[in-house]
Amino acid sequence: MNELLRRMLFLPPQSSSVALKIDQLHYAVILTTLLGSLLVGLAAAYFLLRYHHRAAPADVPASAMAGSGLPRSVELGAAAFLLAVFVGFWVVGFRQLVELETPPPNALPIQAVAKQWMWSFAYPNGRGSKGVLYVPAGHPVRLSMISRDVIHSFFVPEFRVKKDVVPGRVTELWFEALAPGNYAAYCTEYCGEGHSTMRAQVVALSDAEYGLALERLPPLELDVAGPVYREPAVAGLAPREQLSLAAMGERVATERGCMRCHTPDGSPHIGPSWVGMYGSLVTLADGQQLLADAAYLTESMMDPRARLRQGFQPVMPSYQGLLSAPEVGALLEYLRTLAYRPSALPPAPLSPAGSPGIQLPSAADTRGSSYQEEAP
C-alpha cells in the first residue's frame, strides 16, 4: 500500500530513517481530505436533488423552513469528530517535528557553508569538499549550516528533510541515509539569478568506503595562517597527521584573539570558560535559561550583546565580518569537543565590574573574509 500511494502521489523513494513516517502522515492527510471532500460532494448532490427549488406553501411559516433539520446531538457529534481529527493530526505532526529537530546523540557532525551559488562541507577530520556531501550510510548525520551571503535552504527530497540557512547564525538538520547511493540536494530558497544551479550531491557510502573517501579529500581551507598538518614527534618515523576540524578551531581561536577572554581549561577569566559550555543550559542576564547550541554560540560571536550572559560584563566585540563561515564551523567543532572535558565552571568571571572592552582589528585590517565575500 505504501509503494502504491507513493507512486500515485509522484513522491521520490523513501531513503532516510524518517521518510516513511513523514509520508504516512502525508497519506493520512491526503486520504482524509479526499474522503471529506467526497462526503461533502455527495451530501451536496443529495440535497440538490432532494430539496431543489420550489415555492413554499402559503400556510407554512417561514421559521419552519429554517435550520438543518438534524438533531442537535448529530451536529455536536460531527463537530467533535472534526475537532478530534484536527487535534490528532496536530499531535502526530508535532511529534514528528520534535524528532526532526532532535539529532541523536551519536550523530556525526558535519559543517556546511552555503553561498551564491554553491555548497561546501567540512568534516571532523579537517578535510573539506565542494558540491558533494559524503555521509556514512546507516549512521545519523548532524548538518550545521551557515550562509555567507543571503538566505538559502538545504533540501534532499529523498530524505524528506529541509532547513533554511540564514546569514549570521547556524541552523541544523539531521538525517540518516538507509542505504549507499547518490541523492540530489537543492537550494529551495530563492537566492539570486544562479538559484536554479545551486545543487549538490549527497553520497552515502559504506563505513569502509566512507573512511577512504574522506582521506582522499583536500584539507579544509581557512583564512588564518598556519600549517594544516601536525608534524610527528620523531621526524621520519611517522607520517604527518592532518589537523582535525577541532584542532583548526583551536588555531582560529588563538589567531582571532578568543583566548584573551575565554579559557579552554575551566579557569575563570574575562569571559565564560568554554569547558562544558556546548550543549549546556546557560543563564542570561535577565534570568532566562537557554541551550548553548550551535545557533546560540554563533549568535554570541556575531552579536554578543543580543543575549548577555549572567555574571559577565558586556565587553566582547562583534566578530561579524571578522570570521569566515569555515572558521565559525571550526570554532563550533572545537567548542563541541570541549563539552566532554569534565570541569566545574566558575560562577563569576575574574575581571572586576567596569573592565574596558577588548579592541580587535577592523574587518579591513584582518585577513579573514566576511560573509559577503565573492566566490573564488
# chains A, B, ... in the order shown; residues from 1 in each chain; ligands from 1
>>> closest_atom_pairs(of="stretch 302-328 of chain A", to="stretch 199-221 of chain A", cutoff="12 Å", atoms="only C-alpha atoms", output="CSV")
residue,atom,partner,partner_atom,distance
A:Ser324,CA,A:Glu221,CA,10.7
A:Ala325,CA,A:Glu221,CA,10.9
A:Pro326,CA,A:Glu221,CA,7.7
A:Glu327,CA,A:Glu221,CA,9.2
>>> write_last_selection(atoms="N, CA and C atoms", output="PDB file, in the first residue's frame")
ATOM      1  N   SER A 324      35.171  34.067   8.904  1.00  0.00           N
ATOM      2  CA  SER A 324      34.541  33.462   7.736  1.00  0.00           C
ATOM      3  C   SER A 324      33.703  32.263   8.182  1.00  0.00           C
ATOM      4  N   ALA A 325      32.847  31.792   7.295  1.00  0.00           N
ATOM      5  CA  ALA A 325      31.982  30.663   7.631  1.00  0.00           C
ATOM      6  C   ALA A 325      32.776  29.402   7.985  1.00  0.00           C
ATOM      7  N   PRO A 326      33.850  29.038   7.243  1.00  0.00           N
ATOM      8  CA  PRO A 326      34.635  27.868   7.664  1.00  0.00           C
ATOM      9  C   PRO A 326      35.260  28.042   9.043  1.00  0.00           C
ATOM     10  N   GLU A 327      35.666  29.263   9.386  1.00  0.00           N
ATOM     11  CA  GLU A 327      36.243  29.500  10.704  1.00  0.00           C
ATOM     12  C   GLU A 327      35.194  29.323  11.794  1.00  0.00           C
TER      13      GLU A 327
END
>>> residues_around(residues="A:Cys258", least_positions_apart="4", cutoff="12 Å", atoms="only C-alpha atoms", output="count of residues only")
27
>>> residues_around(residues="stretch 80-93 of chain A", least_positions_apart="6", cutoff="9 Å", atoms="only C-alpha atoms", output="PDB file with N, CA and C atoms, in the first residue's frame")
ATOM      1  N   ILE A  22       7.057  10.443   7.693  1.00  0.00           N
ATOM      2  CA  ILE A  22       6.547  11.685   7.123  1.00  0.00           C
ATOM      3  C   ILE A  22       5.550  11.390   6.015  1.00  0.00           C
ATOM      4  N   LEU A  25       2.098  10.255   7.408  1.00  0.00           N
ATOM      5  CA  LEU A  25       1.255  11.382   7.804  1.00  0.00           C
ATOM      6  C   LEU A  25       0.695  12.089   6.575  1.00  0.00           C
ATOM      7  N   ALA A  28      -2.185  10.089   5.308  1.00  0.00           N
ATOM      8  CA  ALA A  28      -3.373  10.236   6.150  1.00  0.00           C
ATOM      9  C   ALA A  28      -4.078  11.560   5.881  1.00  0.00           C
ATOM     10  N   VAL A  29      -3.319  12.628   5.738  1.00  0.00           N
ATOM     11  CA  VAL A  29      -3.923  13.934   5.474  1.00  0.00           C
ATOM     12  C   VAL A  29      -4.608  13.940   4.107  1.00  0.00           C
TER      13      VAL A  29
END
>>> residues_around(residues="A:Ala122", least_positions_apart="2", cutoff="7 Å", atoms="only C-alpha atoms", output="PyMOL selection string")
chain A and resi 110-112+124+126-129+220
>>> write_last_selection(atoms="C-alpha atoms", output="mmCIF file, in the first residue's frame")
data_model
loop_
_atom_site.group_PDB
_atom_site.id
_atom_site.type_symbol
_atom_site.label_atom_id
_atom_site.label_comp_id
_atom_site.auth_asym_id
_atom_site.auth_seq_id
_atom_site.Cartn_x
_atom_site.Cartn_y
_atom_site.Cartn_z
ATOM 1 C CA ILE A 110 29.458 17.972 9.552
ATOM 2 C CA GLN A 111 29.688 21.687 8.827
ATOM 3 C CA ALA A 112 28.018 23.086 5.688
ATOM 4 C CA PRO A 124 35.656 16.350 11.645
ATOM 5 C CA GLY A 126 39.776 18.619 8.921
ATOM 6 C CA ARG A 127 39.080 17.935 5.265
ATOM 7 C CA GLY A 128 36.509 19.566 3.011
ATOM 8 C CA SER A 129 34.523 19.103 -0.180
ATOM 9 C CA LEU A 220 39.928 22.456 4.662
#
>>> atom_distance(atom1="atom CA of A:Arg95", atom2="atom CA of A:Lys21")
10.7 Å
>>> closest_residue(among="A:Asn125, A:Leu31, A:Met198, A:Ser17", to="A:Gly138", atoms="only C-alpha atoms")
A:Ser17
>>> atom_distance(atom1="atom CA of A:Ala306", atom2="atom CA of A:Tyr190")
28.0 Å
>>> residues_around(residues="A:Ile146", least_positions_apart="2", cutoff="10 Å", atoms="only C-alpha atoms", output="VMD selection string")
chain A and resid 111 to 115 143 to 144 148 to 149 151 to 152 164 to 172 295 298 324 to 326 328 to 329 371
>>> residues_around(residues="A:Asn106", least_positions_apart="2", cutoff="12 Å", atoms="only C-alpha atoms", output="MDAnalysis selection string")
chainID A and resid 102:104 108:109 138:142 174:176
>>> closest_residue(among="A:Thr188, A:Thr197, A:Pro304, A:Tyr334", to="A:Ala247", atoms="only C-alpha atoms")
A:Tyr334
>>> decode(residues="stretch 147-182 of chain A", atoms="N, CA and C atoms", output="PDB file, in the first residue's frame")
ATOM      1  N   SER A 147      25.319  30.478   6.233  1.00  0.00           N
ATOM      2  CA  SER A 147      25.291  31.185   4.953  1.00  0.00           C
ATOM      3  C   SER A 147      26.313  32.307   4.961  1.00  0.00           C
ATOM      4  N   ARG A 148      26.989  32.514   3.827  1.00  0.00           N
ATOM      5  CA  ARG A 148      27.977  33.575   3.715  1.00  0.00           C
ATOM      6  C   ARG A 148      27.406  34.839   3.065  1.00  0.00           C
ATOM      7  N   ASP A 149      26.156  34.791   2.598  1.00  0.00           N
ATOM      8  CA  ASP A 149      25.623  35.975   1.919  1.00  0.00           C
ATOM      9  C   ASP A 149      24.138  36.168   2.193  1.00  0.00           C
ATOM     10  N   VAL A 150      23.274  35.384   1.542  1.00  0.00           N
ATOM     11  CA  VAL A 150      21.829  35.570   1.656  1.00  0.00           C
ATOM     12  C   VAL A 150      21.205  34.290   2.209  1.00  0.00           C
ATOM     13  N   ILE A 151      19.877  34.285   2.319  1.00  0.00           N
ATOM     14  CA  ILE A 151      19.179  33.103   2.826  1.00  0.00           C
ATOM     15  C   ILE A 151      19.174  32.016   1.746  1.00  0.00           C
ATOM     16  N   HIS A 152      19.574  30.813   2.140  1.00  0.00           N
ATOM     17  CA  HIS A 152      19.497  29.634   1.289  1.00  0.00           C
ATOM     18  C   HIS A 152      18.652  28.581   2.002  1.00  0.00           C
ATOM     19  N   SER A 153      18.501  27.433   1.393  1.00  0.00           N
ATOM     20  CA  SER A 153      17.759  26.341   2.023  1.00  0.00           C
ATOM     21  C   SER A 153      18.286  25.020   1.492  1.00  0.00           C
ATOM     22  N   PHE A 154      18.515  24.073   2.385  1.00  0.00           N
ATOM     23  CA  PHE A 154      19.057  22.762   2.020  1.00  0.00           C
ATOM     24  C   PHE A 154      17.925  21.748   2.034  1.00  0.00           C
ATOM     25  N   PHE A 155      17.706  21.096   0.895  1.00  0.00           N
ATOM     26  CA  PHE A 155      16.568  20.184   0.745  1.00  0.00           C
ATOM     27  C   PHE A 155      17.025  18.937   0.002  1.00  0.00           C
ATOM     28  N   VAL A 156      16.774  17.771   0.620  1.00  0.00           N
ATOM     29  CA  VAL A 156      17.034  16.480  -0.014  1.00  0.00           C
ATOM     30  C   VAL A 156      15.690  15.757  -0.125  1.00  0.00           C
ATOM     31  N   PRO A 157      15.066  15.758  -1.308  1.00  0.00           N
ATOM     32  CA  PRO A 157      13.713  15.195  -1.436  1.00  0.00           C
ATOM     33  C   PRO A 157      13.608  13.747  -0.974  1.00  0.00           C
ATOM     34  N   GLU A 158      14.593  12.923  -1.291  1.00  0.00           N
ATOM     35  CA  GLU A 158      14.511  11.503  -0.937  1.00  0.00           C
ATOM     36  C   GLU A 158      14.670  11.270   0.559  1.00  0.00           C
ATOM     37  N   PHE A 159      15.223  12.255   1.289  1.00  0.00           N
ATOM     38  CA  PHE A 159      15.341  12.145   2.737  1.00  0.00           C
ATOM     39  C   PHE A 159      14.165  12.793   3.456  1.00  0.00           C
ATOM     40  N   ARG A 160      13.382  13.621   2.751  1.00  0.00           N
ATOM     41  CA  ARG A 160      12.264  14.377   3.331  1.00  0.00           C
ATOM     42  C   ARG A 160      12.750  15.345   4.414  1.00  0.00           C
ATOM     43  N   VAL A 161      13.904  15.947   4.234  1.00  0.00           N
ATOM     44  CA  VAL A 161      14.414  16.934   5.188  1.00  0.00           C
ATOM     45  C   VAL A 161      14.706  18.228   4.448  1.00  0.00           C
ATOM     46  N   LYS A 162      14.457  19.353   5.124  1.00  0.00           N
ATOM     47  CA  LYS A 162      14.658  20.674   4.526  1.00  0.00           C
ATOM     48  C   LYS A 162      14.833  21.680   5.650  1.00  0.00           C
ATOM     49  N   LYS A 163      15.781  22.600   5.493  1.00  0.00           N
ATOM     50  CA  LYS A 163      16.001  23.624   6.511  1.00  0.00           C
ATOM     51  C   LYS A 163      16.614  24.859   5.859  1.00  0.00           C
ATOM     52  N   ASP A 164      16.112  26.030   6.242  1.00  0.00           N
ATOM     53  CA  ASP A 164      16.669  27.289   5.751  1.00  0.00           C
ATOM     54  C   ASP A 164      18.039  27.544   6.370  1.00  0.00           C
ATOM     55  N   VAL A 165      18.898  28.234   5.610  1.00  0.00           N
ATOM     56  CA  VAL A 165      20.235  28.606   6.058  1.00  0.00           C
ATOM     57  C   VAL A 165      20.285  30.130   6.081  1.00  0.00           C
ATOM     58  N   VAL A 166      20.451  30.702   7.283  1.00  0.00           N
ATOM     59  CA  VAL A 166      20.299  32.140   7.489  1.00  0.00           C
ATOM     60  C   VAL A 166      21.655  32.772   7.776  1.00  0.00           C
ATOM     61  N   PRO A 167      21.980  33.906   7.161  1.00  0.00           N
ATOM     62  CA  PRO A 167      23.266  34.567   7.439  1.00  0.00           C
ATOM     63  C   PRO A 167      23.397  34.955   8.910  1.00  0.00           C
ATOM     64  N   GLY A 168      24.603  34.811   9.445  1.00  0.00           N
ATOM     65  CA  GLY A 168      24.874  35.246  10.807  1.00  0.00           C
ATOM     66  C   GLY A 168      24.437  34.300  11.890  1.00  0.00           C
ATOM     67  N   ARG A 169      23.953  33.109  11.546  1.00  0.00           N
ATOM     68  CA  ARG A 169      23.559  32.151  12.561  1.00  0.00           C
ATOM     69  C   ARG A 169      23.720  30.739  12.007  1.00  0.00           C
ATOM     70  N   VAL A 170      23.584  29.759  12.857  1.00  0.00           N
ATOM     71  CA  VAL A 170      23.707  28.356  12.451  1.00  0.00           C
ATOM     72  C   VAL A 170      22.340  27.695  12.551  1.00  0.00           C
ATOM     73  N   THR A 171      21.942  27.000  11.506  1.00  0.00           N
ATOM     74  CA  THR A 171      20.752  26.156  11.548  1.00  0.00           C
ATOM     75  C   THR A 171      21.190  24.715  11.349  1.00  0.00           C
ATOM     76  N   GLU A 172      20.486  23.804  11.974  1.00  0.00           N
ATOM     77  CA  GLU A 172      20.888  22.403  11.948  1.00  0.00           C
ATOM     78  C   GLU A 172      19.755  21.518  11.449  1.00  0.00           C
ATOM     79  N   LEU A 173      20.113  20.467  10.764  1.00  0.00           N
ATOM     80  CA  LEU A 173      19.190  19.378  10.458  1.00  0.00           C
ATOM     81  C   LEU A 173      19.969  18.071  10.546  1.00  0.00           C
ATOM     82  N   TRP A 174      19.242  16.985  10.712  1.00  0.00           N
ATOM     83  CA  TRP A 174      19.903  15.692  10.764  1.00  0.00           C
ATOM     84  C   TRP A 174      19.134  14.705   9.898  1.00  0.00           C
ATOM     85  N   PHE A 175      19.823  13.696   9.442  1.00  0.00           N
ATOM     86  CA  PHE A 175      19.212  12.643   8.644  1.00  0.00           C
ATOM     87  C   PHE A 175      20.070  11.391   8.746  1.00  0.00           C
ATOM     88  N   GLU A 176      19.499  10.292   8.338  1.00  0.00           N
ATOM     89  CA  GLU A 176      20.214   9.016   8.298  1.00  0.00           C
ATOM     90  C   GLU A 176      19.861   8.311   6.995  1.00  0.00           C
ATOM     91  N   ALA A 177      20.820   8.229   6.090  1.00  0.00           N
ATOM     92  CA  ALA A 177      20.598   7.533   4.822  1.00  0.00           C
ATOM     93  C   ALA A 177      20.499   6.029   5.081  1.00  0.00           C
ATOM     94  N   LEU A 178      19.481   5.400   4.529  1.00  0.00           N
ATOM     95  CA  LEU A 178      19.264   3.988   4.794  1.00  0.00           C
ATOM     96  C   LEU A 178      20.227   3.084   4.036  1.00  0.00           C
ATOM     97  N   ALA A 179      20.658   3.493   2.854  1.00  0.00           N
ATOM     98  CA  ALA A 179      21.498   2.633   2.025  1.00  0.00           C
ATOM     99  C   ALA A 179      22.462   3.492   1.224  1.00  0.00           C
ATOM    100  N   PRO A 180      23.593   2.926   0.814  1.00  0.00           N
ATOM    101  CA  PRO A 180      24.519   3.685  -0.035  1.00  0.00           C
ATOM    102  C   PRO A 180      23.851   4.111  -1.334  1.00  0.00           C
ATOM    103  N   GLY A 181      24.270   5.258  -1.844  1.00  0.00           N
ATOM    104  CA  GLY A 181      23.712   5.768  -3.087  1.00  0.00           C
ATOM    105  C   GLY A 181      23.977   7.253  -3.220  1.00  0.00           C
ATOM    106  N   ASN A 182      23.548   7.805  -4.348  1.00  0.00           N
ATOM    107  CA  ASN A 182      23.683   9.236  -4.622  1.00  0.00           C
ATOM    108  C   ASN A 182      22.306   9.890  -4.546  1.00  0.00           C
TER     109      ASN A 182
END
